[in-house]
Amino acid sequence: MFNPIVFGIFTLIARSCVATPIDPASANQHLQARDGGKPLWSEGGPKVEDIKQDGFKDDWFLAGLASLANAQGSSKIQDIFKLDQRGIDNIDKASITLFNIDKWDKAEKTGEEYKGDSQDVKYADITSKYSGANDNWWVAALEYAAMKIGGSDDIKSVSFKNDGGPITAWSMITGIKSKEYKIDRTGDSWKSELWRVLKSAPESYVCIKSVSHPNEKMRSIITGVTWYAVLSVQGSQYDDHGQIVGENGGDGQVTLFDARAGSNITVSFVDLQDQVGWQVTPEKLDYPASPPQPPKA
Ligand SMILES: *[C@@H]1O[C@H](CO)[C@@H](O)[C@H](O)[C@H]1NC(C)=O
């Protein structure tokens with residue numbers, strides 16, 4: 001996965017490192033852009049349904065954002081926006097602080113303080129290439145800031161340190177460091193383990209990456225080598241001891257968010273299980289009931 005041709009980039013936003021956190025009360029308002037523009041987010045803050053991929057190939061980034069917005073991460077997303085306080089109903093500019101991972105790593109080694117890099121984003125900066133739905137532009141603003149601070153003019157995964165994945169987006173926003181796990185289909189327990197991981201959404205952040213060639217049944221539903229956020233599961237498939245539930249093999253269903261389409265997909269776990277190549281959660285096995293907190297500054 002390591003790609004040496006990166007720009008030395010990225011990235012990590014640790015909100016605990018942001019010098020002046022914004023007032024959460026004001027951040028949760030309906031933020032209307034000036035001059036007939038569009039709101040940054042609608043009442044209640046960033047939502048999964050604001051996300052829809054457009055001109056950039058950044059399913060990896062958007063899956064990370066969707067899993068954050070779906071879990072308790074929505075307020076974490078708001079927290080990294082330092083808003084132009086000329087009037088919260090009248091905003092066309094925000095300042096976003098991202099942590100450049102290389103700088104952060106260096107600072108950790110030398111014991112220096114690193115407070116991240118801030119990037120101003122104006123509504124006028126957002127072109128049709130940027131992602132978004134529902135008129136809200138927080139997704140586009142994050143893409144813009146990520147590219148500027150990363151020194152890239154595209155948000156392709158290869159432009160980011162170690163290749164971008166949802167964990168890169170999580171790191172940028174919450175300070176979580178995590179790993180990608182390739183699904184190991186040897187042994188008996190991988191299906192129940194995968195179910196257990198999927199079931200930890202939405203309390204925890206969970207994303208999966210599809211295999212290169214989804215089977216015939218799933219090919220019309222999911223695209224190969226694409227990241228999806230796991231929004232929730234329904235029904236039951238395996239019990240806590242990994243035993244399959246029900247005579248007919250359980251009725252577990254999984255709801256994914258497809259960032260390309262900007263919509264949900266609900267499929268049976270049985271159909272999905274062989275189509276998952278990789279999974280990420282903040283921790284693979286002992287995933288916490290709630291997402292971990294950012295590291296202390
Ligand atoms: C998508 O799935 C989530 C989680 O199950 C649910 O809360 C949301 O309402 C769904 N959205 C749509 C448009 O079906």
# chains A, B, ... in the order shown; residues from 1 in each chain; ligands from 1

call {"tool": "closest_atom_pairs", "arguments": {"of": "chain A", "to": "ligand 1", "cutoff": "7 Å", "atoms": "only C-alpha atoms and all ligand atoms", "output": "JSON lines"}}
result
{"residue": "A:Leu231", "atom": "CA", "partner": "ligand 1", "partner_atom_place_in_ligand_line": "4 (C)", "distance": 4.8}
{"residue": "A:Ser232", "atom": "CA", "partner": "ligand 1", "partner_atom_place_in_ligand_line": "5 (O)", "distance": 4.9}
{"residue": "A:Thr255", "atom": "CA", "partner": "ligand 1", "partner_atom_place_in_ligand_line": "5 (O)", "distance": 5.7}
{"residue": "A:Ser263", "atom": "CA", "partner": "ligand 1", "partner_atom_place_in_ligand_line": "13 (C)", "distance": 6.3}
{"residue": "A:Asn264", "atom": "CA", "partner": "ligand 1", "partner_atom_place_in_ligand_line": "1 (C)", "distance": 5.0}

call {"tool": "select_by_dssp", "arguments": {"residues": "range 107-143 of chain A", "states": "alpha helix (DSSP H)", "output": "list in words"}}
result
Ala107, Glu108, Lys109, Thr110, Trp138, Val139, Ala140, Ala141, Leu142 and Glu143 of chain A

call {"tool": "closest_residue", "arguments": {"among": "A:Glu203, A:Asp54, A:Asp240, A:Asp102", "to": "Ile155 in chain A", "atoms": "only C-alpha atoms"}}
result
A:Asp54

call {"tool": "residues_around", "arguments": {"residues": "range 272-274 of chain A", "least_positions_apart": "2", "cutoff": "8 Å", "atoms": "only C-alpha atoms", "output": "MDAnalysis selection string"}}
result
chainID A and resid 191 194 218 267:270 276:277

call {"tool": "closest_atom_pairs", "arguments": {"of": "range 137-172 of chain A", "to": "range 206-214 of chain A", "cutoff": "10 Å", "atoms": "only C-alpha atoms", "output": "Markdown table"}}
result
| residue | atom | partner | partner_atom | distance |
| --- | --- | --- | --- | --- |
| A:Gly165 | CA | A:Cys207 | CA | 9.4 |
| A:Pro166 | CA | A:Cys207 | CA | 7.0 |
| A:Ile167 | CA | A:Cys207 | CA | 9.0 |

call {"tool": "write_last_selection", "arguments": {"atoms": "N, CA, C and O atoms", "output": "PDB file, in the first residue's frame"}}
result
ATOM      1  N   GLY A 165      -7.003   6.429   2.311  1.00  0.00           N
ATOM      2  CA  GLY A 165      -8.117   5.540   2.620  1.00  0.00           C
ATOM      3  C   GLY A 165      -8.980   6.270   3.623  1.00  0.00           C
ATOM      4  O   GLY A 165      -8.611   7.369   4.068  1.00  0.00           O
ATOM      5  N   PRO A 166     -10.096   5.675   4.003  1.00  0.00           N
ATOM      6  CA  PRO A 166     -10.944   6.338   4.998  1.00  0.00           C
ATOM      7  C   PRO A 166     -10.188   6.714   6.268  1.00  0.00           C
ATOM      8  O   PRO A 166     -10.479   7.734   6.890  1.00  0.00           O
ATOM      9  N   ILE A 167      -9.185   5.903   6.624  1.00  0.00           N
ATOM     10  CA  ILE A 167      -8.453   6.227   7.850  1.00  0.00           C
ATOM     11  C   ILE A 167      -7.656   7.517   7.692  1.00  0.00           C
ATOM     12  O   ILE A 167      -7.394   8.202   8.670  1.00  0.00           O
TER      13      ILE A 167
END

call {"tool": "select_by_dssp", "arguments": {"residues": "range 170-235 of chain A", "states": "strand (DSSP E)", "output": "ChimeraX atom specification"}}
result
/A:181-182,207-210,227-234

call {"tool": "write_last_selection", "arguments": {"atoms": "N, CA and C atoms", "output": "mmCIF file, in the first residue's frame"}}
result
data_model
loop_
_atom_site.group_PDB
_atom_site.id
_atom_site.type_symbol
_atom_site.label_atom_id
_atom_site.label_comp_id
_atom_site.auth_asym_id
_atom_site.auth_seq_id
_atom_site.Cartn_x
_atom_site.Cartn_y
_atom_site.Cartn_z
ATOM 1 N N TYR A 181 -7.449 -3.635 7.211
ATOM 2 C CA TYR A 181 -7.316 -5.077 7.357
ATOM 3 C C TYR A 181 -7.835 -5.760 6.111
ATOM 4 N N LYS A 182 -6.973 -6.556 5.510
ATOM 5 C CA LYS A 182 -7.400 -7.363 4.373
ATOM 6 C C LYS A 182 -8.216 -8.525 4.925
ATOM 7 N N CYS A 207 -15.676 1.258 7.505
ATOM 8 C CA CYS A 207 -15.745 1.311 6.039
ATOM 9 C C CYS A 207 -15.234 -0.007 5.487
ATOM 10 N N ILE A 208 -15.711 -0.358 4.308
ATOM 11 C CA ILE A 208 -15.211 -1.556 3.619
ATOM 12 C C ILE A 208 -14.821 -1.176 2.193
ATOM 13 N N LYS A 209 -13.890 -1.954 1.681
ATOM 14 C CA LYS A 209 -13.491 -1.770 0.279
ATOM 15 C C LYS A 209 -13.873 -3.048 -0.461
ATOM 16 N N SER A 210 -14.512 -2.874 -1.609
ATOM 17 C CA SER A 210 -14.967 -4.041 -2.365
ATOM 18 C C SER A 210 -13.789 -4.751 -3.038
ATOM 19 N N TRP A 227 -14.390 2.150 -1.939
ATOM 20 C CA TRP A 227 -14.675 2.246 -0.501
ATOM 21 C C TRP A 227 -16.135 2.621 -0.263
ATOM 22 N N TYR A 228 -16.745 1.952 0.703
ATOM 23 C CA TYR A 228 -18.111 2.241 1.131
ATOM 24 C C TYR A 228 -18.124 2.442 2.640
ATOM 25 N N ALA A 229 -18.918 3.402 3.089
ATOM 26 C CA ALA A 229 -19.133 3.519 4.532
ATOM 27 C C ALA A 229 -20.218 2.531 4.929
ATOM 28 N N VAL A 230 -20.049 1.896 6.068
ATOM 29 C CA VAL A 230 -21.093 1.025 6.614
ATOM 30 C C VAL A 230 -21.949 1.882 7.538
ATOM 31 N N LEU A 231 -23.225 2.013 7.206
ATOM 32 C CA LEU A 231 -24.094 2.866 8.021
ATOM 33 C C LEU A 231 -24.728 2.088 9.170
ATOM 34 N N SER A 232 -25.185 0.891 8.882
ATOM 35 C CA SER A 232 -25.853 0.106 9.936
ATOM 36 C C SER A 232 -26.050 -1.323 9.444
ATOM 37 N N VAL A 233 -26.381 -2.207 10.371
ATOM 38 C CA VAL A 233 -26.852 -3.543 9.987
ATOM 39 C C VAL A 233 -28.240 -3.741 10.582
ATOM 40 N N GLN A 234 -28.979 -4.624 9.971
ATOM 41 C CA GLN A 234 -30.294 -4.988 10.500
ATOM 42 C C GLN A 234 -30.360 -6.512 10.582
#

call {"tool": "atom_distance", "arguments": {"atom1": "CA of Leu142 in chain A", "atom2": "CA of Gly55 in chain A"}}
result
14.6 Å

call {"tool": "closest_residue", "arguments": {"among": "A:Phe99, A:Arg196, A:Ser204, A:Thr223", "to": "Val254 in chain A", "atoms": "only C-alpha atoms"}}
result
A:Arg196

call {"tool": "closest_residue", "arguments": {"among": "A:Asn136, A:Ser157, A:Ser171, A:Ser131", "to": "Trp104 in chain A", "atoms": "only C-alpha atoms"}}
result
A:Ser171

call {"tool": "closest_residue", "arguments": {"among": "A:Glu216, A:Asp163, A:Glu180, A:Asp120", "to": "Ile149 in chain A", "atoms": "only C-alpha atoms"}}
result
A:Asp120

call {"tool": "residues_around", "arguments": {"residues": "Leu65 in chain A", "least_positions_apart": "6", "cutoff": "12 Å", "atoms": "only C-alpha atoms", "output": "PyMOL selection string"}}
result
chain A and resi 46-53+58-59+71-78+131-132+138-140+142-143+165-174+205-207+227-231+257-259

call {"tool": "atom_distance", "arguments": {"atom1": "CA of Phe61 in chain A", "atom2": "CA of Thr97 in chain A"}}
result
16.4 Å
